[in-house]
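**Student:** Sharing a structure with you now.
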Amino acid sequence: MDRMPTLESIRRLQLDAEATYLTFGPPPDVGQPALEVVETFGPYEAEYAAIHKGAAIFDMAFRGTVELTGKDRLDLLHRLTTQDVRSLPSGQARRGFLLDKAGHIQADVVVINLADRTLLDVDLADAPAVAQAVERMVFSEDVQVRDASADFVHLGLLGPAAPKLLHHVTGQQPAAIEPAAAWLIDHRGATLVIHRRDEAGPLGLHVLTPTAIAADVYAALTEAVGGLNPDPAPGIVPGAEGQPKRTILGRGIGWMAYNTARIEAGSPLFHVDFGPDSLPHETAILPQAVSFTKGCYLGQEIVARMQSLGHPKRLLVGLRLPDDRLPIAGSQILTADSQVVGGVTSSTLSPLLGQTAIALAVVKWGRHTPGTTLRVAAEGAIVDARVVPPGQWR
């Protein structure tokens, strides 16, 4: 399916709302356009507030989709991923990793199991390789695999009013939205796939929207909150003359607000905070993504050995700084005697902490203990930073 008309329609709505963009991910192949995501629509503080108080609409252009069909699809995924998916019921989602034989993470996947198919929500750049890796393992099994990224536009609805916004646009809502729930909504002759993932802190819904209706769905969501960049006045406001009626408190958001919220929540991101050189034990999300009660999978021997006999050489941690001096990704982390023991992977000023700087960072084992004081370069100075578990900043 040609996604370009849909993406262009969505981009026009964004540009009309004064969106600015940033380049996301690694440099593209020669001749391929760089992936761009919305950076902000202007009032960053209002975007951040929408995540915590209303409904934030986020065009997740960096997400892709792999589709598996056939009766053996869960058995195959069970043998390939770190997660127990053989027992995954229809209407549920679980996060897991695909590893290489040395135990390094090759992809971070959310497995969404539906009655007739299973979808993998992955980084867009990883989708072709994930589809190929899964397909290579199909022998006599009844499994069909394809990169279905062109079939969907991923929209994030983040915040406590997200279910209300989705219900307003589609007229449908499940009785309860439990963590990791997944469900379908038939809308305008197509089927939306929704799964709950709270990576930004408050309740979050990932809406895998069929490309054919994605521009219309995006416009309807936008209209319900009075526009991607509406009047910042709180509450429900009537439509002023010539302005859309705002029925739900919310707005469009960009990467800046999303990134702040997900760092505050302690949610590391593949290709940002960990990557293909990382082992599962280094990510700080081992309980979410790895099952130690399932059978064999590629790389399991390394994972099991580390779990039973040792520990990783490094670990993802949180760093809380004393003020608003902000280290950038790649900044070295030092001991008191200037030994390099790690590096910052992402950072932000935390509104929840009065604009104090916080960061996710990878540090050597032994320097990972909460309460440890390390030093980091930030805005031309070397600043003390306290180690905390990711997301536990106080």
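Each chain in the structure tokens gets a letter, A, B, ..., in the order shown, and its residues are numbered from 1; ligands are numbered from 1 in order too.
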From a DSSP calculation on the backbone, collect every residue of range 139-335 of chain A in strand (DSSP E or B) and output the set as an MDAnalysis selection string.

**Tutor:** chainID A and resid 144:147 152:158 181:187 190:196 204:210 237 246 250:253 270 274 314:320 332:334

**Student:** Keeping N, CA and C atoms, export the residues of the selection given above as a CSV table (one decimal), in the first residue's frame.

**Tutor:**
chain,number,residue,atom,x,y,z
A,144,GLN,N,3.0,-17.7,8.3
A,144,GLN,CA,3.3,-16.7,7.2
A,144,GLN,C,3.7,-15.4,7.9
A,145,VAL,N,4.8,-14.8,7.3
A,145,VAL,CA,5.4,-13.6,8.0
A,145,VAL,C,5.5,-12.6,6.9
A,146,ARG,N,5.2,-11.3,7.3
A,146,ARG,CA,5.5,-10.2,6.4
A,146,ARG,C,5.7,-8.9,7.2
A,147,ASP,N,6.5,-8.0,6.6
A,147,ASP,CA,6.6,-6.7,7.1
A,147,ASP,C,5.4,-5.9,6.7
A,152,PHE,N,0.0,0.2,8.3
A,152,PHE,CA,-0.5,0.9,9.6
A,152,PHE,C,0.3,2.2,9.8
A,153,VAL,N,-0.4,3.1,10.4
A,153,VAL,CA,0.2,4.3,11.0
A,153,VAL,C,0.0,4.2,12.5
A,154,HIS,N,1.0,4.3,13.3
A,154,HIS,CA,1.0,4.2,14.7
A,154,HIS,C,0.7,5.5,15.3
A,155,LEU,N,-0.4,5.6,16.1
A,155,LEU,CA,-0.8,6.8,16.8
A,155,LEU,C,-0.8,6.5,18.3
A,156,GLY,N,-0.1,7.3,19.1
A,156,GLY,CA,-0.1,7.2,20.5
A,156,GLY,C,-1.2,8.1,21.1
A,157,LEU,N,-2.0,7.6,22.0
A,157,LEU,CA,-2.9,8.4,22.8
A,157,LEU,C,-2.5,8.2,24.2
A,158,LEU,N,-1.9,9.3,24.8
A,158,LEU,CA,-1.3,9.1,26.1
A,158,LEU,C,-2.0,10.1,27.1
A,181,ALA,N,-3.5,-5.0,27.8
A,181,ALA,CA,-4.6,-5.4,27.0
A,181,ALA,C,-4.5,-5.0,25.6
A,182,ALA,N,-5.1,-5.8,24.7
A,182,ALA,CA,-5.1,-5.5,23.2
A,182,ALA,C,-6.5,-5.8,22.7
A,183,TRP,N,-7.0,-5.0,21.8
A,183,TRP,CA,-8.4,-5.3,21.3
A,183,TRP,C,-8.5,-4.6,19.9
A,184,LEU,N,-9.6,-4.9,19.3
A,184,LEU,CA,-9.9,-4.4,18.0
A,184,LEU,C,-11.1,-3.5,18.0
A,185,ILE,N,-11.1,-2.5,17.1
A,185,ILE,CA,-12.3,-1.6,16.9
A,185,ILE,C,-12.5,-1.5,15.4
A,186,ASP,N,-13.7,-1.9,15.0
A,186,ASP,CA,-14.1,-1.7,13.6
A,186,ASP,C,-14.5,-0.3,13.4
A,187,HIS,N,-13.9,0.4,12.5
A,187,HIS,CA,-14.2,1.9,12.3
A,187,HIS,C,-14.0,2.2,10.9
A,190,ALA,N,-12.7,-0.3,8.4
A,190,ALA,CA,-11.4,-0.9,8.7
A,190,ALA,C,-11.3,-1.3,10.2
A,191,THR,N,-10.2,-1.9,10.5
A,191,THR,CA,-10.0,-2.4,11.9
A,191,THR,C,-8.8,-1.8,12.6
A,192,LEU,N,-9.1,-1.1,13.7
A,192,LEU,CA,-8.0,-0.5,14.5
A,192,LEU,C,-7.5,-1.6,15.4
A,193,VAL,N,-6.2,-1.7,15.7
A,193,VAL,CA,-5.6,-2.6,16.7
A,193,VAL,C,-5.1,-1.7,17.8
A,194,ILE,N,-5.5,-1.9,19.0
A,194,ILE,CA,-5.1,-1.0,20.1
A,194,ILE,C,-4.5,-1.9,21.2
A,195,HIS,N,-3.3,-1.5,21.7
A,195,HIS,CA,-2.8,-2.2,22.9
A,195,HIS,C,-2.3,-1.1,23.9
A,196,ARG,N,-2.5,-1.5,25.1
A,196,ARG,CA,-2.1,-0.6,26.2
A,196,ARG,C,-0.6,-0.7,26.5
A,204,GLY,N,-1.4,4.7,28.6
A,204,GLY,CA,-1.1,5.0,27.2
A,204,GLY,C,-1.7,4.0,26.3
A,205,LEU,N,-2.3,4.4,25.2
A,205,LEU,CA,-2.8,3.5,24.1
A,205,LEU,C,-2.0,3.7,22.9
A,206,HIS,N,-1.6,2.6,22.3
A,206,HIS,CA,-1.0,2.6,21.0
A,206,HIS,C,-2.1,2.1,20.0
A,207,VAL,N,-2.4,3.0,19.0
A,207,VAL,CA,-3.5,2.7,18.1
A,207,VAL,C,-2.8,2.4,16.7
A,208,LEU,N,-2.8,1.1,16.3
A,208,LEU,CA,-2.3,0.8,15.0
A,208,LEU,C,-3.4,1.0,14.0
A,209,THR,N,-3.3,2.1,13.3
A,209,THR,CA,-4.4,2.5,12.5
A,209,THR,C,-4.2,2.2,11.0
A,210,PRO,N,-5.1,1.4,10.4
A,210,PRO,CA,-4.9,1.1,9.0
A,210,PRO,C,-4.7,2.4,8.1
A,237,VAL,N,-14.1,23.7,26.5
A,237,VAL,CA,-14.4,25.1,26.1
A,237,VAL,C,-15.3,25.0,24.8
A,246,ARG,N,-14.0,22.2,21.3
A,246,ARG,CA,-13.1,21.3,22.1
A,246,ARG,C,-13.9,20.5,23.1
A,250,GLY,N,-7.0,18.1,25.7
A,250,GLY,CA,-5.9,17.4,25.0
A,250,GLY,C,-5.3,18.2,23.9
A,251,ARG,N,-4.3,17.6,23.2
A,251,ARG,CA,-3.6,18.3,22.1
A,251,ARG,C,-2.7,17.4,21.5
A,252,GLY,N,-2.1,17.8,20.4
A,252,GLY,CA,-1.0,17.1,19.8
A,252,GLY,C,0.3,17.3,20.5
A,253,ILE,N,1.1,16.3,20.5
A,253,ILE,CA,2.4,16.5,21.1
A,253,ILE,C,3.5,16.0,20.2
A,270,PHE,N,14.9,1.3,22.9
A,270,PHE,CA,15.9,0.6,22.0
A,270,PHE,C,16.4,1.6,21.0
A,274,PHE,N,19.6,1.5,25.0
A,274,PHE,CA,20.3,0.3,24.8
A,274,PHE,C,20.2,-0.1,23.3
A,314,ARG,N,27.8,-4.1,33.0
A,314,ARG,CA,27.3,-2.7,33.0
A,314,ARG,C,25.8,-2.8,33.2
A,315,LEU,N,25.2,-1.7,33.6
A,315,LEU,CA,23.7,-1.7,33.8
A,315,LEU,C,23.2,-0.3,33.6
A,316,LEU,N,21.9,-0.2,33.0
A,316,LEU,CA,21.2,1.0,32.8
A,316,LEU,C,20.7,1.5,34.2
A,317,VAL,N,21.0,2.7,34.5
A,317,VAL,CA,20.5,3.3,35.8
A,317,VAL,C,19.9,4.7,35.5
A,318,GLY,N,19.4,5.3,36.5
A,318,GLY,CA,19.0,6.7,36.5
A,318,GLY,C,20.0,7.5,37.2
A,319,LEU,N,20.1,8.8,36.8
A,319,LEU,CA,21.0,9.7,37.4
A,319,LEU,C,20.2,11.0,37.7
A,320,ARG,N,20.2,11.4,39.0
A,320,ARG,CA,19.5,12.7,39.4
A,320,ARG,C,20.6,13.7,39.7
A,332,GLN,N,30.3,11.7,29.3
A,332,GLN,CA,31.0,10.7,30.1
A,332,GLN,C,30.6,10.8,31.6
A,333,ILE,N,30.6,9.6,32.2
A,333,ILE,CA,30.3,9.6,33.6
A,333,ILE,C,31.6,9.2,34.3
A,334,LEU,N,31.9,9.9,35.4
A,334,LEU,CA,33.2,9.8,36.0
A,334,LEU,C,33.1,9.4,37.5

**Student:** Please provide the set of residues having any atom within 10 Å of range 10-15 of chain A, restricted to only C-alpha atoms, with same-chain residues fewer than 5 positions apart removed, written as a VMD selection string.

**Tutor:** chain A and resid 4 to 5 20 to 21 37 to 38 40 to 41 59 214 to 219 222 227 to 229 252

**Student:** Export, as a PDB file, in the first residue's frame, the selected residues with N, CA and C atoms.

**Tutor:**
ATOM      1  N   MET A   4       2.208   7.258   1.133  1.00  0.00           N
ATOM      2  CA  MET A   4       2.589   8.653   1.005  1.00  0.00           C
ATOM      3  C   MET A   4       1.413   9.626   1.050  1.00  0.00           C
ATOM      4  N   PRO A   5       0.307   9.373   0.337  1.00  0.00           N
ATOM      5  CA  PRO A   5      -0.813  10.334   0.440  1.00  0.00           C
ATOM      6  C   PRO A   5      -1.313  10.498   1.874  1.00  0.00           C
ATOM      7  N   THR A  20       7.248  21.686  14.289  1.00  0.00           N
ATOM      8  CA  THR A  20       8.643  21.603  13.862  1.00  0.00           C
ATOM      9  C   THR A  20       9.044  20.129  13.954  1.00  0.00           C
ATOM     10  N   TYR A  21      10.082  19.753  13.211  1.00  0.00           N
ATOM     11  CA  TYR A  21      10.443  18.344  13.090  1.00  0.00           C
ATOM     12  C   TYR A  21      11.905  18.132  13.454  1.00  0.00           C
ATOM     13  N   VAL A  37      10.191  13.064  12.785  1.00  0.00           N
ATOM     14  CA  VAL A  37       9.068  13.038  13.715  1.00  0.00           C
ATOM     15  C   VAL A  37       8.836  14.457  14.201  1.00  0.00           C
ATOM     16  N   VAL A  38       7.609  14.718  14.632  1.00  0.00           N
ATOM     17  CA  VAL A  38       7.294  16.040  15.174  1.00  0.00           C
ATOM     18  C   VAL A  38       8.142  16.263  16.419  1.00  0.00           C
ATOM     19  N   THR A  40       7.855  19.420  18.237  1.00  0.00           N
ATOM     20  CA  THR A  40       6.914  20.121  19.104  1.00  0.00           C
ATOM     21  C   THR A  40       5.966  20.944  18.242  1.00  0.00           C
ATOM     22  N   PHE A  41       4.815  21.268  18.812  1.00  0.00           N
ATOM     23  CA  PHE A  41       3.895  22.201  18.162  1.00  0.00           C
ATOM     24  C   PHE A  41       4.032  23.598  18.750  1.00  0.00           C
ATOM     25  N   ASP A  59       1.997  11.265  16.931  1.00  0.00           N
ATOM     26  CA  ASP A  59       2.268  10.540  15.692  1.00  0.00           C
ATOM     27  C   ASP A  59       3.569   9.768  15.878  1.00  0.00           C
ATOM     28  N   ALA A 214      -6.126   6.323   8.217  1.00  0.00           N
ATOM     29  CA  ALA A 214      -5.315   6.963   9.259  1.00  0.00           C
ATOM     30  C   ALA A 214      -5.438   8.476   9.255  1.00  0.00           C
ATOM     31  N   ALA A 215      -5.455   9.091   8.075  1.00  0.00           N
ATOM     32  CA  ALA A 215      -5.558  10.550   8.021  1.00  0.00           C
ATOM     33  C   ALA A 215      -6.895  11.018   8.594  1.00  0.00           C
ATOM     34  N   ASP A 216      -7.974  10.284   8.290  1.00  0.00           N
ATOM     35  CA  ASP A 216      -9.289  10.648   8.813  1.00  0.00           C
ATOM     36  C   ASP A 216      -9.344  10.464  10.332  1.00  0.00           C
ATOM     37  N   VAL A 217      -8.757   9.381  10.831  1.00  0.00           N
ATOM     38  CA  VAL A 217      -8.747   9.147  12.276  1.00  0.00           C
ATOM     39  C   VAL A 217      -7.930  10.233  12.974  1.00  0.00           C
ATOM     40  N   TYR A 218      -6.794  10.550  12.418  1.00  0.00           N
ATOM     41  CA  TYR A 218      -5.935  11.588  13.012  1.00  0.00           C
ATOM     42  C   TYR A 218      -6.677  12.929  13.046  1.00  0.00           C
ATOM     43  N   ALA A 219      -7.376  13.255  11.955  1.00  0.00           N
ATOM     44  CA  ALA A 219      -8.132  14.508  11.910  1.00  0.00           C
ATOM     45  C   ALA A 219      -9.265  14.507  12.928  1.00  0.00           C
ATOM     46  N   THR A 222      -7.887  15.011  16.362  1.00  0.00           N
ATOM     47  CA  THR A 222      -7.481  16.415  16.462  1.00  0.00           C
ATOM     48  C   THR A 222      -8.679  17.329  16.706  1.00  0.00           C
ATOM     49  N   GLY A 227      -7.971  20.861  18.022  1.00  0.00           N
ATOM     50  CA  GLY A 227      -6.811  21.098  17.170  1.00  0.00           C
ATOM     51  C   GLY A 227      -5.538  20.564  17.800  1.00  0.00           C
ATOM     52  N   LEU A 228      -4.529  20.341  16.976  1.00  0.00           N
ATOM     53  CA  LEU A 228      -3.251  19.861  17.488  1.00  0.00           C
ATOM     54  C   LEU A 228      -2.576  20.891  18.388  1.00  0.00           C
ATOM     55  N   ASN A 229      -2.859  22.146  18.149  1.00  0.00           N
ATOM     56  CA  ASN A 229      -2.257  23.220  18.932  1.00  0.00           C
ATOM     57  C   ASN A 229      -3.366  24.166  19.381  1.00  0.00           C
ATOM     58  N   GLY A 252      -2.105  17.803  20.365  1.00  0.00           N
ATOM     59  CA  GLY A 252      -1.021  17.067  19.751  1.00  0.00           C
ATOM     60  C   GLY A 252       0.272  17.314  20.509  1.00  0.00           C
TER      61      GLY A 252
END

**Student:** Taking only C-alpha atoms into account, name the residue in A:Glu45, A:Glu223, A:Asp16, A:Glu8 that is nearest to Met256 in chain A.

**Tutor:**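 Closest residue, counting only C-alpha atoms: A:Glu45.
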
**Student:** Please compute the CA of Pro163 in chain A-CA of Glu18 in chain A distance, one decimal, in Å.

**Tutor:**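 Atom-to-atom, CA of Pro163 in chain A and CA of Glu18 in chain A are spaced 26.4 Å apart.
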
**Student:** Write out as a PyMOL selection string which residues come within 9 Å of Arg73 in chain A when counting only C-alpha atoms, dropping same-chain ones fewer than 5 positions away.

**Tutor:** chain A and resi 68+78+86+117-118+141-145

**Student:** When distances are computed from only C-alpha atoms, which of A:Glu282, A:Asp84, A:Glu47, A:Asp323 shows the smallest separation from Cys296 in chain A?

**Tutor:**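 That would be A:Asp84, the residue with the smallest distance to Cys296 in chain A.
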
**Student:** Extract the full set of alpha helix (DSSP H) residues from range 30-192 of chain A according to DSSP on the backbone, and format it as an MDAnalysis selection string.

**Tutor:** chainID A and resid 44:53 73:80 127:136 162:170

**Student:** Could you turn the residues from that selection into a file that holds C-alpha atoms, as a PDB file, in the first residue's frame?

**Tutor:**
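So the final result, stored in selection-v2.pdb, reads:
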ATOM      1  CA  TYR A  44       6.087  22.346  25.141  1.00  0.00           C
ATOM      2  CA  GLU A  45       4.721  22.793  28.668  1.00  0.00           C
ATOM      3  CA  ALA A  46       1.144  22.357  27.435  1.00  0.00           C
ATOM      4  CA  GLU A  47       2.151  19.222  25.504  1.00  0.00           C
ATOM      5  CA  TYR A  48       3.750  17.708  28.586  1.00  0.00           C
ATOM      6  CA  ALA A  49       0.695  18.617  30.688  1.00  0.00           C
ATOM      7  CA  ALA A  50      -1.601  16.844  28.215  1.00  0.00           C
ATOM      8  CA  ILE A  51       0.199  13.558  28.904  1.00  0.00           C
ATOM      9  CA  HIS A  52      -0.509  13.842  32.623  1.00  0.00           C
ATOM     10  CA  LYS A  53      -3.878  15.611  32.676  1.00  0.00           C
ATOM     11  CA  ARG A  73       2.773 -18.611  14.864  1.00  0.00           C
ATOM     12  CA  LEU A  74       2.912 -18.483  18.679  1.00  0.00           C
ATOM     13  CA  ASP A  75       4.978 -21.671  18.891  1.00  0.00           C
ATOM     14  CA  LEU A  76       7.482 -20.160  16.463  1.00  0.00           C
ATOM     15  CA  LEU A  77       7.687 -16.856  18.341  1.00  0.00           C
ATOM     16  CA  HIS A  78       8.035 -18.741  21.610  1.00  0.00           C
ATOM     17  CA  ARG A  79      11.199 -20.367  20.251  1.00  0.00           C
ATOM     18  CA  LEU A  80      12.594 -17.057  19.012  1.00  0.00           C
ATOM     19  CA  ALA A 127      10.816  -4.235  10.944  1.00  0.00           C
ATOM     20  CA  PRO A 128      12.386  -5.620   7.707  1.00  0.00           C
ATOM     21  CA  ALA A 129      15.149  -7.447   9.587  1.00  0.00           C
ATOM     22  CA  VAL A 130      12.703  -8.826  12.176  1.00  0.00           C
ATOM     23  CA  ALA A 131      10.403 -10.146   9.435  1.00  0.00           C
ATOM     24  CA  GLN A 132      13.360 -11.768   7.672  1.00  0.00           C
ATOM     25  CA  ALA A 133      14.742 -13.270  10.879  1.00  0.00           C
ATOM     26  CA  VAL A 134      11.387 -14.831  11.768  1.00  0.00           C
ATOM     27  CA  GLU A 135      10.782 -16.071   8.221  1.00  0.00           C
ATOM     28  CA  ARG A 136      14.198 -17.766   8.123  1.00  0.00           C
ATOM     29  CA  ALA A 162      -7.015   8.676  26.186  1.00  0.00           C
ATOM     30  CA  PRO A 163      -9.852   6.105  26.447  1.00  0.00           C
ATOM     31  CA  LYS A 164     -12.429   8.888  26.422  1.00  0.00           C
ATOM     32  CA  LEU A 165     -10.884  10.392  23.290  1.00  0.00           C
ATOM     33  CA  LEU A 166     -10.806   7.037  21.517  1.00  0.00           C
ATOM     34  CA  HIS A 167     -14.421   6.384  22.478  1.00  0.00           C
ATOM     35  CA  HIS A 168     -15.457   9.831  21.259  1.00  0.00           C
ATOM     36  CA  VAL A 169     -13.998   9.181  17.804  1.00  0.00           C
ATOM     37  CA  THR A 170     -14.946   5.515  17.343  1.00  0.00           C
TER      38      THR A 170
END

**Student:** Can you pull out the residues contacting range 258-265 of chain A? Cut-off 6 Å, using only C-alpha atoms, and skip same-chain residues under 5 positions away; I want them as a list in words.

**Tutor:**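 Here the answer would be Glu199, Ala200, Gly201, Thr348 and Gly391 of chain A.
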
**Student:** Write out as a PyMOL selection string each polymer residue whose atoms come within 8 Å of Ile112 in chain A, counting only C-alpha atoms; drop sequence neighbours fewer than 3 positions from it.

**Tutor:** chain A and resi 91-94+118-121+182+195

**Student:** To one decimal place in Å, what is the distance between CA of Ala176 in chain A and CA of Gln288 in chain A?

**Tutor:**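 Going from CA of Ala176 in chain A over to CA of Gln288 in chain A, I get 21.6 Å.
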
**Student:** Taking 5 positions as the minimum chain separation for residues in the same chain, which residues sit within 10 Å of Val290 in chain A when counting only C-alpha atoms? Answer as number ranges by chain.

**Tutor:** A: 81-84, 94-97, 280-281, 285, 300, 303

**Student:** Keeping only C-alpha atoms, write the selected residues as a CSV table (one decimal), in the first residue's frame.

**Tutor:**
chain,number,residue,atom,x,y,z
A,81,THR,CA,11.9,-14.5,21.7
A,82,THR,CA,12.9,-14.1,25.4
A,83,GLN,CA,9.2,-13.9,26.4
A,84,ASP,CA,6.7,-16.7,27.1
A,94,ARG,CA,3.8,-8.9,26.0
A,95,ARG,CA,7.2,-7.3,25.5
A,96,GLY,CA,10.2,-9.4,24.6
A,97,PHE,CA,13.6,-9.4,22.9
A,280,PRO,CA,19.0,-8.2,28.4
A,281,HIS,CA,20.5,-8.0,31.9
A,285,ILE,CA,13.8,-4.0,32.2
A,300,GLN,CA,19.1,-18.3,26.0
A,303,VAL,CA,20.9,-15.2,29.5

**Student:** Out of A:Ile382, A:Ile213, A:Asn113, A:Ala224, which residue has the shortest atom-to-atom distance to Ser9 in chain A when counting only C-alpha atoms?

**Tutor:**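 Closest to Ser9 in chain A of all the choices is A:Ile213.
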
**Student:** Which neighbours of Ala148 in chain A fall inside 6 Å, counting only C-alpha atoms, when residues of the same chain fewer than 5 positions from it are skipped, and could you give them as a short mmCIF file (atom, residue, chain, number, x, y, z; two decimals) with N, CA and C atoms, in the first residue's frame?

**Tutor:**
data_model
loop_
_atom_site.label_atom_id
_atom_site.label_comp_id
_atom_site.auth_asym_id
_atom_site.auth_seq_id
_atom_site.Cartn_x
_atom_site.Cartn_y
_atom_site.Cartn_z
N THR A 65 5.52 -2.48 12.01
CA THR A 65 4.68 -3.63 12.31
C THR A 65 5.11 -4.84 11.49
N VAL A 66 5.21 -5.98 12.14
CA VAL A 66 5.40 -7.26 11.47
C VAL A 66 4.19 -8.13 11.79
N GLU A 67 3.65 -8.79 10.77
CA GLU A 67 2.45 -9.61 10.94
C GLU A 67 2.76 -11.08 10.74
#
